[in-house]
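Report on the structure given below.
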Amino acid sequence: MAGRIREEDIAEVREKTRIDDVVSQYVTLRNAGGGSQKGLCPFHDEKSPSFNVNPSRGFYHCFGCGAGGDVIDFVMKIDGLNFGEAVERLAEKSGVVLRRIDDDGGDHRPKGPQRNRLIEANRVAQEFYAEQLATPDALTARQFLSERDFDQAVAAHFGIGFAPREGEALFRHLRGRGFTQEEMVEAGLVAVGRSAYDRFRGRLLWPIRDASGDTIGFGARRIFDDDRIEAKYLNTSETKIYKKSQVLYGIDLARREIGRSSQAVIVEGYTDVMACHLAGVGTAVATCGTAFGDDHARVLRRFLDDRDGSRGEVIFTFDGDAAGQKAALRAFGGDQNFASQTYVAVEPDGLDPCDLRIKKGDEAVRGLVADRVPLYRFVLSNVVGKYDLDRADGRVDALREGARLVSSIRDKSKVDAFSRELAGMVGLDPDEARAEVRRASHRRPPEPGAQQAATTAPAPPAEPRRNLPSVADPRFDVERETLMLVVQHPMTIGRLSSDIGPDDFTHPVLRAVWELVAAAGGVGAGVGDAGWATKLREATDDPVVASTISALAVAPLKKSPDAAYVTGYLLRLQERTATRRIADVRSRLQRADPADADAFNALFGELAALESHRRHLLDQLAGPA
């Protein structure tokens with residue numbers, strides 16, 4: 001849908017969606033006191049709960065892995081959605097009608113059936129098709145599954161169904177459930193010719209689901225010889241909810257294991273995904289009728305720990321034939337989409353995971369994945385293997401073609417490593433291989449759209465922040481607790497905050513949080529603003545600062561923030577700053593030249609004023625005598 005969602009509608013989604021209601025669908029929450037709730041983090045393995053939710057402020061934060069944010073951030077992370085998709089999903093559940101601002105500035109409500117109606121139509125269709133699998137007419141479909149060692153329980157687990165050969169069975173069923181013809185067509189379930197008819201007829205069906213488990217389309221397998229459509233597989237056409245370039249079959253079942261293990265296995269078909277999962281490879285997914293592309297990579301990156309490449313793995317399974325080698329070349333061209341290491345798993349006998357499980361068992365499927373080889377090595381080996389390396393001209397030709405391949409990759413940080421690998425395969429000096437790669441790069445004409453690709457390619461992983469002490473270090477207790485008051489209870493501080501400045505915060509991250517507060521208009525700007533913490537978090541592009549804000553928003557205060565409590569922390573913060581300044585002036589006095597009376601006396605006067613100020617702060621902290 002074109003245009004951006006109105007800010008007012010996003011704010012309404014946040015206001016009407018309780019974060020604890022959403023989080024509790026994934027996490028068992030228990031009261032933790034102070035209005036907070038606690039549970040085991042869904043984003044990393046842990047034995048004791050460090051995942052906190054504060055419903056009154058609409059924030060969550062895990063003190064174990066650092067994940068945090070508001071309800072939209074949570075849905076984005078848990079379900080692998082982008083911002084717009086997460087807002088749309090929450091809007092459906094909270095009853096908010098989203099309007100979008102088009103390029104012309106116009107404010108428009110969405111046209112056509114709402115997304116939730118299309119999701120519901122596909123859900124009802126999936127249930128209908130699953131029931132049909134048990135009918136006499138579906139005998140051939142059941143035999144197809146049985147021959148591949150998939151029993152009734154497996155079919156139910158994956159939601160497999162059968163589309164009746166009659167042309168209007170689903171149409172009548174959906175109409176009886178209250179769906180309009182427009183909704184059925186928009187959902188990709190019904191087509192219209194002389195009259196409306198079912199898009200899938202007489203085929204074995206796999207429901208295709210998004211990461212949250214909603215059915216958004218179907219893959220249909222030809223099983224009858226008299227099927228007038230020759231294509232072995234048919235997939236749902238593009239709809240508002242089904243985008244084939246972004247869909248991965250099995251992602252709903254694999255996403256948690258992908259996140260836990262930082263591994264994703266890409267196979268070629270629905271039955272291969274089933275075989276892998278049944279064999280214990282729970283990270284398997286497949287594209288739906290299209291080659292693996294950049295958008296698929298972006299979907300996977302949402303679930304992989306795909307930052308520095310130190311532990312993540314993306315494993316492609318290909319047939320060993322020419323088509324498989326061509327697919328490997330395509331995957332190699334998109335290798336730079338991942339920081340994770342990319343691999344290829346090829347079965348020596350050319351068996352796909354489904355056939356491998358049938359003929360050799362579950363252990364063989366697990367072994368296929370375990371015996372993976374680096375993708376670049378597989379691709380270069382195929383290129384070099386075409387030439388007779390016992391002949392000098394064969395080695396030269398192999399080097400030239402391999403160099404063209406290496407020079408084509410967009411991630412230039414990998415070129416040197418691939419050049420060395422190529423040299424070893426061909427049996428030539430690495431310097432000679434590097435020189436040939438440089439020549440190939442100069443000879444190779446720019447690829448169409450190369451400039452655009454460079455601007456749309458995923459950004460490289462962020463540089464790690466320099467080593468800093470944790471903000472949870474006891475040295476920063478006063479700074480941290482003060483900012484917790486600023487984020488959680490700005491109304492309790494009021495004008496007292498006028499004496500606070502950035503120099504009162506010694507930790508760079510906490511100082512950055514205060515600077516965001518100042519840039520937002522000061523503490524007073526947060527009074528009465530339910531979205532105060534969210535505004536602060538959205539004002540930074542530093543993930544460490546953003547994570548810290550979410551932590552400050554959910555961390556429990558040591559006691560109820562009455563006037564004495566708030567004043568005490570503000571005074572302690574200022575007293576510590578005065579102490580640091582006194583130490584600095586004393587150091588300068590020791591280094592000063594007494595002969596320069598004016599400078600010496602000025603420092604001495606500054607020291608006296610600071611010590612007087614500090615005594616005054618301490619007297620205020622001590623209270624009435």
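Chain labels run A, B, ... following the order of the structure tokens; each chain numbers its residues from 1, and ligands are numbered from 1 in the order shown.
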Residues of region 11-196 of chain A in helix (DSSP H, G or I), written as a PyMOL selection string: chain A and resi 11-16+19-23+71-79+83-94+115-132+136-147+152-158+169-176+181-186
Val346 (chain A) surroundings by only C-alpha atoms, 9 Å radius, close-in-sequence under 3 positions cut, as a ChimeraX atom specification: /A:316-320,349-352,368-369,371-373
Residues of the last selection are to be written out with N, CA and C atoms, as a compact mmCIF listing (two decimals), in the first residue's frame.
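The resulting file, result.txt, is shown below:
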```txt
# COMPACT_ATOMS: atom_id res chain seq x y z
N PHE A 316 22.72 -23.24 2.15
CA PHE A 316 21.90 -23.53 0.99
C PHE A 316 22.05 -25.00 0.63
N THR A 317 20.94 -25.66 0.29
CA THR A 317 21.02 -27.02 -0.23
C THR A 317 20.68 -26.97 -1.72
N PHE A 318 21.56 -27.54 -2.54
CA PHE A 318 21.35 -27.56 -3.98
C PHE A 318 21.57 -28.97 -4.50
N ASP A 319 20.91 -29.27 -5.61
CA ASP A 319 21.23 -30.50 -6.32
C ASP A 319 22.62 -30.35 -6.94
N GLY A 320 23.28 -31.46 -7.18
CA GLY A 320 24.61 -31.41 -7.76
C GLY A 320 24.62 -31.24 -9.26
N ASP A 349 24.87 -38.19 -3.91
CA ASP A 349 24.06 -38.93 -4.87
C ASP A 349 23.00 -38.06 -5.53
N GLY A 350 23.01 -36.77 -5.23
CA GLY A 350 22.05 -35.87 -5.86
C GLY A 350 20.66 -35.92 -5.26
N LEU A 351 20.51 -36.46 -4.05
CA LEU A 351 19.20 -36.58 -3.42
C LEU A 351 18.84 -35.27 -2.72
N ASP A 352 17.57 -34.86 -2.85
CA ASP A 352 17.12 -33.71 -2.07
C ASP A 352 16.77 -34.21 -0.66
N LEU A 368 23.75 -34.27 6.12
CA LEU A 368 23.86 -33.39 4.95
C LEU A 368 24.17 -31.96 5.38
N VAL A 369 23.46 -31.50 6.39
CA VAL A 369 23.67 -30.14 6.89
C VAL A 369 25.02 -30.03 7.60
N ASP A 371 27.72 -31.60 7.01
CA ASP A 371 28.86 -31.69 6.09
C ASP A 371 28.91 -30.52 5.10
N ARG A 372 28.33 -29.42 5.44
CA ARG A 372 28.31 -28.24 4.58
C ARG A 372 29.72 -27.77 4.25
N VAL A 373 29.85 -27.07 3.12
CA VAL A 373 31.14 -26.48 2.73
C VAL A 373 30.90 -25.00 2.44
```
Residue nearest Gly402 (chain A) among A:Cys62, A:Ala328, A:Val426, A:Ala155 (counting only C-alpha atoms):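 Counting only C-alpha atoms, the residue closest to Gly402 (chain A) is A:Val426.
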Interatomic distance (Å, one decimal) between CA of Ile241 (chain A) and CA of Arg123 (chain A):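 Taking CA of Ile241 (chain A) as the start and CA of Arg123 (chain A) as the end point, the length is 12.7 Å.
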Closest of A:Asp529, A:Asp294, A:Glu166, A:Asp562 to Ser56 (chain A) - atom-to-atom distances counting only C-alpha atoms: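 Nearest candidate to Ser56 (chain A) out of A:Asp529, A:Asp294, A:Glu166, A:Asp562: A:Asp529.
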Atom pair CA of Arg172 (chain A) / CA of Val124 (chain A): separation (Å): 12.2 Å
Selected residue, from A:Arg30, A:His489, A:Arg586, A:Arg511, that lies nearest to Ser560 (chain A) when counting only C-alpha atoms: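 Distance minimum relative to Ser560 (chain A) lands on A:His489.
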Within 9 Å of region 46-52 of chain A, counting only C-alpha atoms, which residues show up once you throw out same-chain ones fewer than 5 positions away? Write them as an mmCIF file with C-alpha atoms, in the first residue's frame, please.
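As a result, out.cif now contains:
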```
data_model
loop_
_atom_site.group_PDB
_atom_site.id
_atom_site.type_symbol
_atom_site.label_atom_id
_atom_site.label_comp_id
_atom_site.auth_asym_id
_atom_site.auth_seq_id
_atom_site.Cartn_x
_atom_site.Cartn_y
_atom_site.Cartn_z
ATOM 1 C CA LEU A 29 4.610 -12.801 32.864
ATOM 2 C CA ALA A 32 7.602 -8.013 39.803
ATOM 3 C CA SER A 36 6.351 -4.075 36.401
ATOM 4 C CA GLN A 37 6.056 -7.662 35.189
ATOM 5 C CA LYS A 38 8.810 -10.159 34.581
ATOM 6 C CA GLY A 39 9.382 -13.343 32.579
ATOM 7 C CA LEU A 40 11.918 -15.358 30.601
ATOM 8 C CA CYS A 41 13.237 -13.490 27.577
ATOM 9 C CA PHE A 59 7.964 -0.522 27.357
ATOM 10 C CA TYR A 60 9.856 -3.798 27.634
ATOM 11 C CA HIS A 61 13.530 -4.437 28.289
ATOM 12 C CA CYS A 62 15.675 -7.528 28.829
ATOM 13 C CA PHE A 63 18.552 -6.904 31.215
ATOM 14 C CA GLY A 64 20.206 -10.065 29.887
ATOM 15 C CA CYS A 65 20.465 -9.467 26.129
ATOM 16 C CA ALA A 67 16.529 -6.079 23.733
ATOM 17 C CA ALA A 551 15.906 -0.206 30.309
ATOM 18 C CA VAL A 554 11.085 -0.397 32.850
ATOM 19 C CA ALA A 555 13.630 -0.656 35.694
#
```
Residues within 10 Å of Arg117 (chain A), only C-alpha atoms, excluding chain neighbours under 4 positions, as a ChimeraX atom specification: /A:92,113,121-123,179-180,183-184,186-187
Nearest residue to Arg480 (chain A) from the set A:Leu570, A:Leu253, A:Ala297, A:Met274 (distances using only C-alpha atoms):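 Among A:Leu570, A:Leu253, A:Ala297, A:Met274, it is A:Leu570 that comes nearest to Arg480 (chain A).
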Atom-to-atom span, CA of Val185 (chain A) and CA of Gly161 (chain A), Å: 19.9 Å
Contacts of Gln132 (chain A) within 9 Å, only C-alpha atoms, excl. fewer than 5 positions in-chain, as a PyMOL selection string: chain A and resi 127+137-138+161-164
Those selected residues, please, written with C-alpha atoms and delivered as a PDB file, in the first residue's frame.
```pdb
ATOM      1  CA  GLU A 127      -9.288 -25.309   7.583  1.00  0.00           C
ATOM      2  CA  ASP A 137     -11.713 -37.893  -3.378  1.00  0.00           C
ATOM      3  CA  ALA A 138      -8.360 -37.091  -1.726  1.00  0.00           C
ATOM      4  CA  GLY A 161      -4.971 -29.992   2.667  1.00  0.00           C
ATOM      5  CA  PHE A 162      -6.706 -30.982  -0.558  1.00  0.00           C
ATOM      6  CA  ALA A 163      -8.593 -28.756  -3.005  1.00  0.00           C
ATOM      7  CA  PRO A 164     -11.683 -30.570  -4.349  1.00  0.00           C
TER       8      PRO A 164
END
```
